[in-house]
Protein chains: 4
Amino acid sequence: MAFRKKIDPSLKTNNDTGFGSNPGSYGGRFINKDGSFNLRREGISFLNRFSVYQRMLTMPRWKFITVIIVFYFAINLLFTIAYLITGTTQLQGLLATTPWATFKEIFFFSTQTFTTVGYGRINPVGDGANFIASIEALSGFLSFAIATGLIYGRFGKPRSYLAFSDYALISPYKNITALMFRFATYKDNHTLTNVEIKVNIALRVDEEGEPVYKFYDLTLERNKVDSLPMNWTVVHAIDDKSPLMGFTMDDIIAADVELYVLITAFDDVYSSPVLQRTSYTYQEMKFNAKFVPMYRESEDGRTTVLELHKLNDIAEVRV
Amino acid sequence: MAFRKKIDPSLKTNNDTGFGSNPGSYGGRFINKDGSFNLRREGISFLNRFSVYQRMLTMPRWKFITVIIVFYFAINLLFTIAYLITGTTQLQGLLATTPWATFKEIFFFSTQTFTTVGYGRINPVGDGANFIASIEALSGFLSFAIATGLIYGRFGKPRSYLAFSDYALISPYKNITALMFRFATYKDNHTLTNVEIKVNIALRVDEEGEPVYKFYDLTLERNKVDSLPMNWTVVHAIDDKSPLMGFTMDDIIAADVELYVLITAFDDVYSSPVLQRTSYTYQEMKFNAKFVPMYRESEDGRTTVLELHKLNDIAEVRV
Amino acid sequence: MAFRKKIDPSLKTNNDTGFGSNPGSYGGRFINKDGSFNLRREGISFLNRFSVYQRMLTMPRWKFITVIIVFYFAINLLFTIAYLITGTTQLQGLLATTPWATFKEIFFFSTQTFTTVGYGRINPVGDGANFIASIEALSGFLSFAIATGLIYGRFGKPRSYLAFSDYALISPYKNITALMFRFATYKDNHTLTNVEIKVNIALRVDEEGEPVYKFYDLTLERNKVDSLPMNWTVVHAIDDKSPLMGFTMDDIIAADVELYVLITAFDDVYSSPVLQRTSYTYQEMKFNAKFVPMYRESEDGRTTVLELHKLNDIAEVRV
Amino acid sequence: MAFRKKIDPSLKTNNDTGFGSNPGSYGGRFINKDGSFNLRREGISFLNRFSVYQRMLTMPRWKFITVIIVFYFAINLLFTIAYLITGTTQLQGLLATTPWATFKEIFFFSTQTFTTVGYGRINPVGDGANFIASIEALSGFLSFAIATGLIYGRFGKPRSYLAFSDYALISPYKNITALMFRFATYKDNHTLTNVEIKVNIALRVDEEGEPVYKFYDLTLERNKVDSLPMNWTVVHAIDDKSPLMGFTMDDIIAADVELYVLITAFDDVYSSPVLQRTSYTYQEMKFNAKFVPMYRESEDGRTTVLELHKLNDIAEVRV
């Protein structure tokens with residue numbers, strides 16, 4: 001593969017995204033659209049690299065609920081077996097006459113103990129069953145505490161709630177050429193404050209015949225706003241200071257271009273800093289297109305309307 | 001509508017409040033007194049733009065309690081119906097003899113299960129009722145966890161607890177003319193630390209015959225204090241560097257002036273950053289008035305008294 | 001009262017502590033030793049200026065426990081009365097035969113419902129008692145949620161855990177005269193990070209015959225350390241740049257001197273910023289004394305020992 | 001002990017680590033590998049310097065669970081004794097006929113009350129037992145709240161999850177000599193943002209014949225990265241500006257060298273700042289070795305693989 005363009009060697013490279021200079025034929029993207037890194041860890045045990053809390057915090061809601069229900073049935077099954085091993089004579093009030101009915105009755109007794117409902121029709125009289133019941137009630141108690149922690153952790157986890165345009169555009173802009181993408185807040189009554197953005201670019205360049213990835217900071221027209229109630233179009237001017245100066249679409253493909261976007265802000269719903277990463281690869285770039293406005297005034301002229309369905313609406317720019 | 005005043009074109013505009021340059025006949029205010037943005041979102045489903053947690057966190061207390069009580073009765077009604085469908089023979093200990101009495105008795109049994117009280121006079125004996133009860137107890141368990149999360153979230157949500165003067169004043173001040181407003185902390189034992197303030201102004205100006213909104217940063221006499229135990233009068237000097245230089249009240253009305261106020265601080269009750277937005281439109285500005293002091297010493301000279309009822313007390317300034 | 005010393009008028013005053021320039025005969029201190037402000041609010045209703053959550057968070061432990069116990073008995077008393085009004089026939093299983101015994105039995109039934117223990121010997125059979133019990137169980141449920149929130153809030157509240165020397169000292173120090181005080185962390189395994197300190201001084205000065213309080217920033221030998229595992233002696237050099245230049249003890253008394261100390265840091269036990277205020281009035285200043293070291297090596301030379309009982313140990317400095 | 005090397009006296013010392021200049025024969029390390037300080041507090045009561053919450057938050061999981069279980073049995077034992085003192089006639093439904101069986105039965109009744117299970121077979125009828133039960137249920141209630149707080153506190157405690165190389169290396173690096181160590185994030189999907197590092201060095205030097213410890217800031221090739229998804233090799237160039245200029249291994253031993261490392265970052269799993277301290281003593285330094293790369297591409301070239309087992313892999317550098 002040929003490298004069409006030479007990049008001005010005086011431009012300062014960096015490695016702010018924390019990747020080493022990757023040699024050669026690297027094919028994938030470094031940062032996924034959702035902001036996660038395309039990275040795998042080896043040489044460390046599963047338990048050491050796995051964080052239950054983080055996983056429970058970030059999994060989808062339906063998965064979270066499934067985990068809770070499965071856990072609930074599994075732990076009650078376990079205690080049911082323990083009661084059965086201890087013997088059914090240690091429990092008072094059982095009505096069942098068959099083994100399967102007894103199993104079910106004890107299972108439900110177990111749920112009544114675990115959830116601390118404790119109707120009491122069935123109740124432990126033997127030491128063994130009493131001991132198991134006291135441990136089960138404590139387990140229920142603590143499981144509840146853990147569930148509360150997890151649920152609050154999920155609720156209270158600050159999120160940026162930003163939607164990004166699918167494409168980054170390269171087109172004429174105010175007498176120059178610029179690279180642009182945009183994003184918007186999509187939750188009602190959600191305003192980010194002190195929003196800062198940093199964009200880095202990875203380019204595959206030819207170094208003494210070898211392909212090497214280099215990283216550059218992209219200068220932005222604006223990299224900070226006080227308030228972000230609506231949308232923001234991020235603009236990088238492709239001028240002499242830009243590593244993309246003179247690039248055609250073919251050059252961009254040849255250079256395996258990837259943009260790394262890092263946005264930090266303060267969220268006052270959670271009174272917490274939030275951050276969002278995303279990326280644009282060369283497949284997600286378009287030439288000679290510009291974004292159309294995505295807001296309008298309401299009919300009565302009293303409210304601004306953010307038109308989120310227009311986030312990806314672009315218009316051709318005649319060159 | 002005529003634009004009486006020209007603004008010095010060398011003054012730098014910005015868009016720190018995140019609004020685009022709005023053309024024309026825009027009539028409403030951008031930021032409401034309570035700091036929320038006058039903004040509506042379109043083109044996104046209700047579920048995607050609605051945040052239950054945020055809503056539960058910010059709704060008034062009486063509404064929050066109502067939601068909880070309605071939820072409590074609704075979910076118990078649902079489980080009551082489930083028990084009824086399963087059949088009343090699956091429950092032991094019912095005393096009722098009429099359908100309506102049975103319904104009520106099962107409803108109350110349901111509340112005893114949901115809250116995990118579980119008196120046990122009525123208790124499930126059939127598999128169906130047992131299963132529903134085990135699910136209901138789990139639901140109660142988890143609802144409690146959610147309630148705990150929400151209640152803690154509401155308690156723990158940092159707030160700035162600032163009261164602002166109703167009006168911004170424009171009047172002579174130390175040899176110049178200044179725009180002023182003031183605010184005060186109104187909670188006992190509440191001191192904000194590292195308080196910073198930023199004020200932007202939106203002005204409707206005439207650009208090639210078309211009315212356009214422009215945004216300027218207002219330079220403040222002081223934009224940071226270490227501690228804010230009492231009140232603070234914010235002062236913007238209307239001098240050559242000010243976009244308001246030479247404005248009369250009529251100019252201010254014609255320019256549809258709106259001040260955007262953003263205050264950030266650290267709150268040590270919550271050990272968290274807090275922020276507060278508010279705004280002043282031209283209807284909330286007065287000429288030739290000044291604020292009277294809103295604190296005094298106590299009778300024994302040992303304590304400072306912050307007189308919050310004087311927050312809006314002004315005196316005429318003779319020009 | 002005479003003002004012995006004139007302060008260099010070129011020194012910049014400030015009002016970083018958020019107090020206005022207080023005229024005259026002001027006698028008390030502005031900031032108390034514990035960092036609270038000597039301030040009272042007027043002209044606002046008790047409910048608006050009182051924050052239950054903040055109060056519950058900051059009250060001493062024994063008070064907090066008392067409030068919980070009193071609340072527990074009060075709410076159960078309330079529900080007991082409700083059950084009594086509904087009529088004792090609505091409850092099944094009562095053993096009592098006298099009014100007082102019935103009252104007690106219902107009170108304990110109420111506690112069993114509120115805490116969701118629900119033994120079930122006594123249980124509601126009438127609609128009224130059933131309804132009250134369902135509301136009481138919900139109240140218990142929610143009270144528990146609130147208690148959890150409050151207890152976590154108290155636990156999780158970041159504190160600086162700093163102890164300050166009782167006195168500030170003014171004495172010769174490295175060829176100059178300096179004002180010094182010191183503080184130390186006193187909790188085991190407690191290290192503050194990125195600790196910054198700011199010291200302001202309030203002085204009563206003579207302005208056209210009228211006594212007026214002025215505020216100055218004190219320049220410190222060092223105002224930031226990366227880590228504070230032990231103690232820190234804060235040093236302000238009394239040189240030409242100091243408002244205290246040339247002050248004798250009598251001048252200090254006449255000027256009604258008060259130092260305002262504000263310390264901010266990051267605490268990694270709570271992963272949160274913390275801050276601490278305190279003050280020194282002229283009554284808490286001593287001349288010609290210096291602090292003696294408050295740490296030593298352990299006998300085996302392997303550990304540093306912070307001697308907190310020496311925090312206030314001073315030695316005379318011969319002038 | 002001789003001090004081989006003189007350090008350039010123009011180099012600025014500091015005391016950013018918060019230790020005083022320790023004279024003499026000091027033998028241990030100041031900061032332990034795990035980042036804690038080698039420090040003991042004296043002259044303050046155990047209760048004042050001990051923080052239950054901090055201890056419960058940071059103890060290993062198995063210890064935490066043990067504490068909970070021990071507490072559970074201890075408090076139930078306590079209440080059992082209280083019930084026994086009140087008299088077994090105050091409880092209804094006991095089946096036991098021997099003192100030991102009665103003790104066990106009441107103990108299990110106590111656990112049923114504490115966990116609010118309340119089966120009800122055994123239930124209090126006397127005033128004394130009723131009162132104790134109402135207090136026990138409240139205690140259970142509150143213990144649960146405390147457990148929830150502690151468990152959430154443990155879950156929600158932000159941690160840096162960084163692994164450090166065992167050794168710091170001193171070897172030729174890009175035409176100069178450099179001191180290097182490295183660290184890596186080891187949790188899946190864990191990326192630190194805005195990572196800053198500060199390295200200080202403690203050296204024992206000869207001051208008028210007396211050994212004294214001095215502290216210097218080490219200039220780093222890079223002291224900040226935007227994102228840290230993988231690993232970072234920290235490099236200090238040993239040039240004229242370095243206090244280590246010209247040091248041999250013997251000099252380093254003689255100077256009792258200790259590096260203090262402080263890393264601060266933002267963690268977006270917890271939306272919180274995190275920090276990590278560690279240290280390297282002269283025993284943990286090696287000459288003429290360099291780190292081998294610890295990442296590679298996956299077989300399909302689409303993913304970067306972080307090889308955590310290579311964290312300490314070094315190669316000899318021929319000089």
# chains A, B, ... in the order shown; residues from 1 in each chain; ligands from 1
call {"tool": "interface_residues", "arguments": {"of": "chain B", "to": "chain D", "cutoff": "9 Å", "atoms": "only C-alpha atoms", "output": "count of residues only"}}
result
5
call {"tool": "closest_residue", "arguments": {"among": "A:Asp239, A:Glu105, A:Asp127, A:Asp250", "to": "Gln90 of chain A", "atoms": "only C-alpha atoms"}}
result
A:Asp127
call {"tool": "residues_around", "arguments": {"residues": "Tyr152 of chain B", "least_positions_apart": "5", "cutoff": "12 Å", "atoms": "only C-alpha atoms", "output": "CSV table (one decimal) with C-alpha atoms, in the first residue's frame"}}
result
chain,number,residue,atom,x,y,z
A,148,THR,CA,-29.7,-1.5,47.0
A,149,GLY,CA,-26.1,-0.6,46.4
A,151,ILE,CA,-29.5,-0.2,42.0
A,152,TYR,CA,-28.4,3.1,43.5
A,153,GLY,CA,-25.1,2.7,41.7
A,155,PHE,CA,-29.3,5.1,39.0
A,156,GLY,CA,-26.6,7.4,40.2
B,53,TYR,CA,-34.3,8.9,37.7
B,56,MET,CA,-37.9,11.4,40.4
B,57,LEU,CA,-34.9,13.3,41.7
B,144,PHE,CA,-37.5,-0.9,48.6
B,145,ALA,CA,-33.9,-0.9,47.2
B,146,ILE,CA,-35.1,1.5,44.4
B,147,ALA,CA,-36.9,3.7,46.9
B,157,LYS,CA,-28.4,15.9,45.5
B,158,PRO,CA,-26.3,19.0,46.0
C,53,TYR,CA,-30.8,16.6,55.7
C,142,LEU,CA,-39.8,4.2,53.6
C,143,SER,CA,-38.5,5.2,57.0
C,144,PHE,CA,-35.9,2.5,56.6
C,145,ALA,CA,-35.0,3.9,53.2
C,146,ILE,CA,-34.6,7.3,54.7
C,147,ALA,CA,-32.6,6.0,57.6
C,148,THR,CA,-30.3,4.2,55.1
C,149,GLY,CA,-29.9,7.4,53.2
C,150,LEU,CA,-29.1,9.4,56.3
C,151,ILE,CA,-26.7,6.8,57.7
C,152,TYR,CA,-24.9,6.4,54.5
C,153,GLY,CA,-24.8,10.2,54.1
C,154,ARG,CA,-23.2,10.5,57.6
C,156,GLY,CA,-19.9,8.9,53.5
D,145,ALA,CA,-29.2,0.4,56.9
D,148,THR,CA,-26.3,-1.1,53.1
D,149,GLY,CA,-24.2,2.0,53.6
call {"tool": "select_by_dssp", "arguments": {"residues": "segment 61-283 of chain B", "states": "strand (DSSP E)", "output": "MDAnalysis selection string"}}
result
chainID B and resid 91:92 123:124 162:164 168:173 176:185 192:207 210:217 224:228 231:237 258:267 272:281
call {"tool": "residues_around", "arguments": {"residues": "Gly35 of chain C", "least_positions_apart": "2", "cutoff": "8 Å", "atoms": "only C-alpha atoms", "output": "list in words"}}
result
Ile31, Asn32, Lys33, Phe37, Gln276, Arg277, Thr278 and Ser279 of chain C
call {"tool": "residues_around", "arguments": {"residues": "Ile253 of chain D", "least_positions_apart": "4", "cutoff": "9 Å", "atoms": "only C-alpha atoms", "output": "PyMOL selection string"}}
result
chain D and resi 248-249+257+282-283
call {"tool": "write_last_selection", "arguments": {"atoms": "C-alpha atoms", "output": "compact mmCIF listing (two decimals), in the first residue's frame"}}
result
# COMPACT_ATOMS: atom_id res chain seq x y z
CA THR D 248 26.53 4.81 40.30
CA MET D 249 24.65 1.97 41.96
CA VAL D 257 17.42 6.61 47.48
CA TYR D 282 17.31 1.58 45.99
CA GLN D 283 16.78 -2.17 46.50
call {"tool": "decode", "arguments": {"residues": "segment 63-98 of chain B", "atoms": "N, CA and C atoms", "output": "PDB file, in the first residue's frame"}}
result
ATOM      1  N   LYS B  63     -45.196  15.537  45.122  1.00  0.00           N
ATOM      2  CA  LYS B  63     -45.384  14.730  43.918  1.00  0.00           C
ATOM      3  C   LYS B  63     -44.669  13.393  44.083  1.00  0.00           C
ATOM      4  N   PHE B  64     -43.458  13.465  44.654  1.00  0.00           N
ATOM      5  CA  PHE B  64     -42.663  12.264  44.867  1.00  0.00           C
ATOM      6  C   PHE B  64     -43.415  11.291  45.781  1.00  0.00           C
ATOM      7  N   ILE B  65     -43.972  11.818  46.874  1.00  0.00           N
ATOM      8  CA  ILE B  65     -44.701  10.969  47.815  1.00  0.00           C
ATOM      9  C   ILE B  65     -45.948  10.394  47.139  1.00  0.00           C
ATOM     10  N   THR B  66     -46.628  11.226  46.340  1.00  0.00           N
ATOM     11  CA  THR B  66     -47.808  10.748  45.613  1.00  0.00           C
ATOM     12  C   THR B  66     -47.439   9.600  44.676  1.00  0.00           C
ATOM     13  N   VAL B  67     -46.359   9.760  43.947  1.00  0.00           N
ATOM     14  CA  VAL B  67     -45.923   8.708  43.019  1.00  0.00           C
ATOM     15  C   VAL B  67     -45.690   7.403  43.782  1.00  0.00           C
ATOM     16  N   ILE B  68     -45.036   7.490  44.936  1.00  0.00           N
ATOM     17  CA  ILE B  68     -44.753   6.285  45.721  1.00  0.00           C
ATOM     18  C   ILE B  68     -46.052   5.618  46.181  1.00  0.00           C
ATOM     19  N   ILE B  69     -47.005   6.413  46.689  1.00  0.00           N
ATOM     20  CA  ILE B  69     -48.249   5.843  47.205  1.00  0.00           C
ATOM     21  C   ILE B  69     -49.068   5.232  46.066  1.00  0.00           C
ATOM     22  N   VAL B  70     -49.144   5.946  44.951  1.00  0.00           N
ATOM     23  CA  VAL B  70     -49.885   5.413  43.801  1.00  0.00           C
ATOM     24  C   VAL B  70     -49.233   4.107  43.331  1.00  0.00           C
ATOM     25  N   PHE B  71     -47.917   4.108  43.248  1.00  0.00           N
ATOM     26  CA  PHE B  71     -47.210   2.887  42.843  1.00  0.00           C
ATOM     27  C   PHE B  71     -47.519   1.741  43.807  1.00  0.00           C
ATOM     28  N   TYR B  72     -47.526   2.041  45.095  1.00  0.00           N
ATOM     29  CA  TYR B  72     -47.776   1.030  46.128  1.00  0.00           C
ATOM     30  C   TYR B  72     -49.147   0.394  45.940  1.00  0.00           C
ATOM     31  N   PHE B  73     -50.165   1.241  45.726  1.00  0.00           N
ATOM     32  CA  PHE B  73     -51.507   0.682  45.570  1.00  0.00           C
ATOM     33  C   PHE B  73     -51.654  -0.031  44.234  1.00  0.00           C
ATOM     34  N   ALA B  74     -51.045   0.512  43.204  1.00  0.00           N
ATOM     35  CA  ALA B  74     -51.170  -0.096  41.879  1.00  0.00           C
ATOM     36  C   ALA B  74     -50.532  -1.480  41.850  1.00  0.00           C
ATOM     37  N   ILE B  75     -49.331  -1.595  42.396  1.00  0.00           N
ATOM     38  CA  ILE B  75     -48.645  -2.889  42.323  1.00  0.00           C
ATOM     39  C   ILE B  75     -49.366  -3.916  43.200  1.00  0.00           C
ATOM     40  N   ASN B  76     -49.938  -3.487  44.328  1.00  0.00           N
ATOM     41  CA  ASN B  76     -50.672  -4.421  45.168  1.00  0.00           C
ATOM     42  C   ASN B  76     -51.983  -4.846  44.506  1.00  0.00           C
ATOM     43  N   LEU B  77     -52.583  -3.924  43.773  1.00  0.00           N
ATOM     44  CA  LEU B  77     -53.788  -4.250  43.009  1.00  0.00           C
ATOM     45  C   LEU B  77     -53.458  -5.330  41.982  1.00  0.00           C
ATOM     46  N   LEU B  78     -52.357  -5.140  41.313  1.00  0.00           N
ATOM     47  CA  LEU B  78     -51.909  -6.085  40.284  1.00  0.00           C
ATOM     48  C   LEU B  78     -51.716  -7.473  40.878  1.00  0.00           C
ATOM     49  N   PHE B  79     -51.031  -7.530  42.012  1.00  0.00           N
ATOM     50  CA  PHE B  79     -50.783  -8.838  42.635  1.00  0.00           C
ATOM     51  C   PHE B  79     -52.083  -9.429  43.181  1.00  0.00           C
ATOM     52  N   THR B  80     -52.966  -8.560  43.669  1.00  0.00           N
ATOM     53  CA  THR B  80     -54.262  -9.039  44.146  1.00  0.00           C
ATOM     54  C   THR B  80     -54.990  -9.766  43.015  1.00  0.00           C
ATOM     55  N   ILE B  81     -54.998  -9.143  41.861  1.00  0.00           N
ATOM     56  CA  ILE B  81     -55.654  -9.749  40.693  1.00  0.00           C
ATOM     57  C   ILE B  81     -55.002 -11.087  40.367  1.00  0.00           C
ATOM     58  N   ALA B  82     -53.674 -11.133  40.433  1.00  0.00           N
ATOM     59  CA  ALA B  82     -52.975 -12.391  40.149  1.00  0.00           C
ATOM     60  C   ALA B  82     -53.392 -13.485  41.134  1.00  0.00           C
ATOM     61  N   TYR B  83     -53.496 -13.125  42.434  1.00  0.00           N
ATOM     62  CA  TYR B  83     -53.931 -14.124  43.423  1.00  0.00           C
ATOM     63  C   TYR B  83     -55.354 -14.579  43.116  1.00  0.00           C
ATOM     64  N   LEU B  84     -56.223 -13.634  42.756  1.00  0.00           N
ATOM     65  CA  LEU B  84     -57.618 -13.961  42.477  1.00  0.00           C
ATOM     66  C   LEU B  84     -57.730 -14.905  41.292  1.00  0.00           C
ATOM     67  N   ILE B  85     -56.917 -14.642  40.256  1.00  0.00           N
ATOM     68  CA  ILE B  85     -56.937 -15.512  39.078  1.00  0.00           C
ATOM     69  C   ILE B  85     -56.487 -16.924  39.457  1.00  0.00           C
ATOM     70  N   THR B  86     -55.439 -16.986  40.300  1.00  0.00           N
ATOM     71  CA  THR B  86     -54.946 -18.300  40.731  1.00  0.00           C
ATOM     72  C   THR B  86     -55.998 -19.049  41.549  1.00  0.00           C
ATOM     73  N   GLY B  87     -56.845 -18.318  42.216  1.00  0.00           N
ATOM     74  CA  GLY B  87     -57.908 -18.974  42.979  1.00  0.00           C
ATOM     75  C   GLY B  87     -57.724 -18.803  44.469  1.00  0.00           C
ATOM     76  N   THR B  88     -58.795 -18.524  45.170  1.00  0.00           N
ATOM     77  CA  THR B  88     -58.715 -18.238  46.598  1.00  0.00           C
ATOM     78  C   THR B  88     -58.436 -19.491  47.425  1.00  0.00           C
ATOM     79  N   THR B  89     -58.625 -20.656  46.828  1.00  0.00           N
ATOM     80  CA  THR B  89     -58.351 -21.883  47.581  1.00  0.00           C
ATOM     81  C   THR B  89     -56.860 -22.080  47.795  1.00  0.00           C
ATOM     82  N   GLN B  90     -56.037 -21.352  47.027  1.00  0.00           N
ATOM     83  CA  GLN B  90     -54.588 -21.487  47.185  1.00  0.00           C
ATOM     84  C   GLN B  90     -54.090 -20.723  48.401  1.00  0.00           C
ATOM     85  N   LEU B  91     -54.961 -19.935  49.000  1.00  0.00           N
ATOM     86  CA  LEU B  91     -54.577 -19.188  50.199  1.00  0.00           C
ATOM     87  C   LEU B  91     -55.294 -19.770  51.409  1.00  0.00           C
ATOM     88  N   GLN B  92     -54.566 -19.885  52.495  1.00  0.00           N
ATOM     89  CA  GLN B  92     -55.110 -20.424  53.729  1.00  0.00           C
ATOM     90  C   GLN B  92     -55.441 -19.265  54.673  1.00  0.00           C
ATOM     91  N   GLY B  93     -56.501 -19.428  55.445  1.00  0.00           N
ATOM     92  CA  GLY B  93     -56.729 -18.469  56.527  1.00  0.00           C
ATOM     93  C   GLY B  93     -57.635 -17.314  56.183  1.00  0.00           C
ATOM     94  N   LEU B  94     -58.181 -17.287  54.972  1.00  0.00           N
ATOM     95  CA  LEU B  94     -59.092 -16.199  54.615  1.00  0.00           C
ATOM     96  C   LEU B  94     -60.367 -16.314  55.452  1.00  0.00           C
ATOM     97  N   LEU B  95     -60.852 -15.165  55.928  1.00  0.00           N
ATOM     98  CA  LEU B  95     -62.066 -15.163  56.739  1.00  0.00           C
ATOM     99  C   LEU B  95     -63.276 -14.688  55.944  1.00  0.00           C
ATOM    100  N   ALA B  96     -62.987 -13.990  54.813  1.00  0.00           N
ATOM    101  CA  ALA B  96     -64.062 -13.324  54.068  1.00  0.00           C
ATOM    102  C   ALA B  96     -65.028 -14.335  53.476  1.00  0.00           C
ATOM    103  N   THR B  97     -66.267 -13.891  53.345  1.00  0.00           N
ATOM    104  CA  THR B  97     -67.297 -14.773  52.786  1.00  0.00           C
ATOM    105  C   THR B  97     -67.924 -14.191  51.529  1.00  0.00           C
ATOM    106  N   THR B  98     -67.707 -12.874  51.267  1.00  0.00           N
ATOM    107  CA  THR B  98     -68.255 -12.274  50.043  1.00  0.00           C
ATOM    108  C   THR B  98     -67.093 -11.975  49.091  1.00  0.00           C
TER     109      THR B  98
END
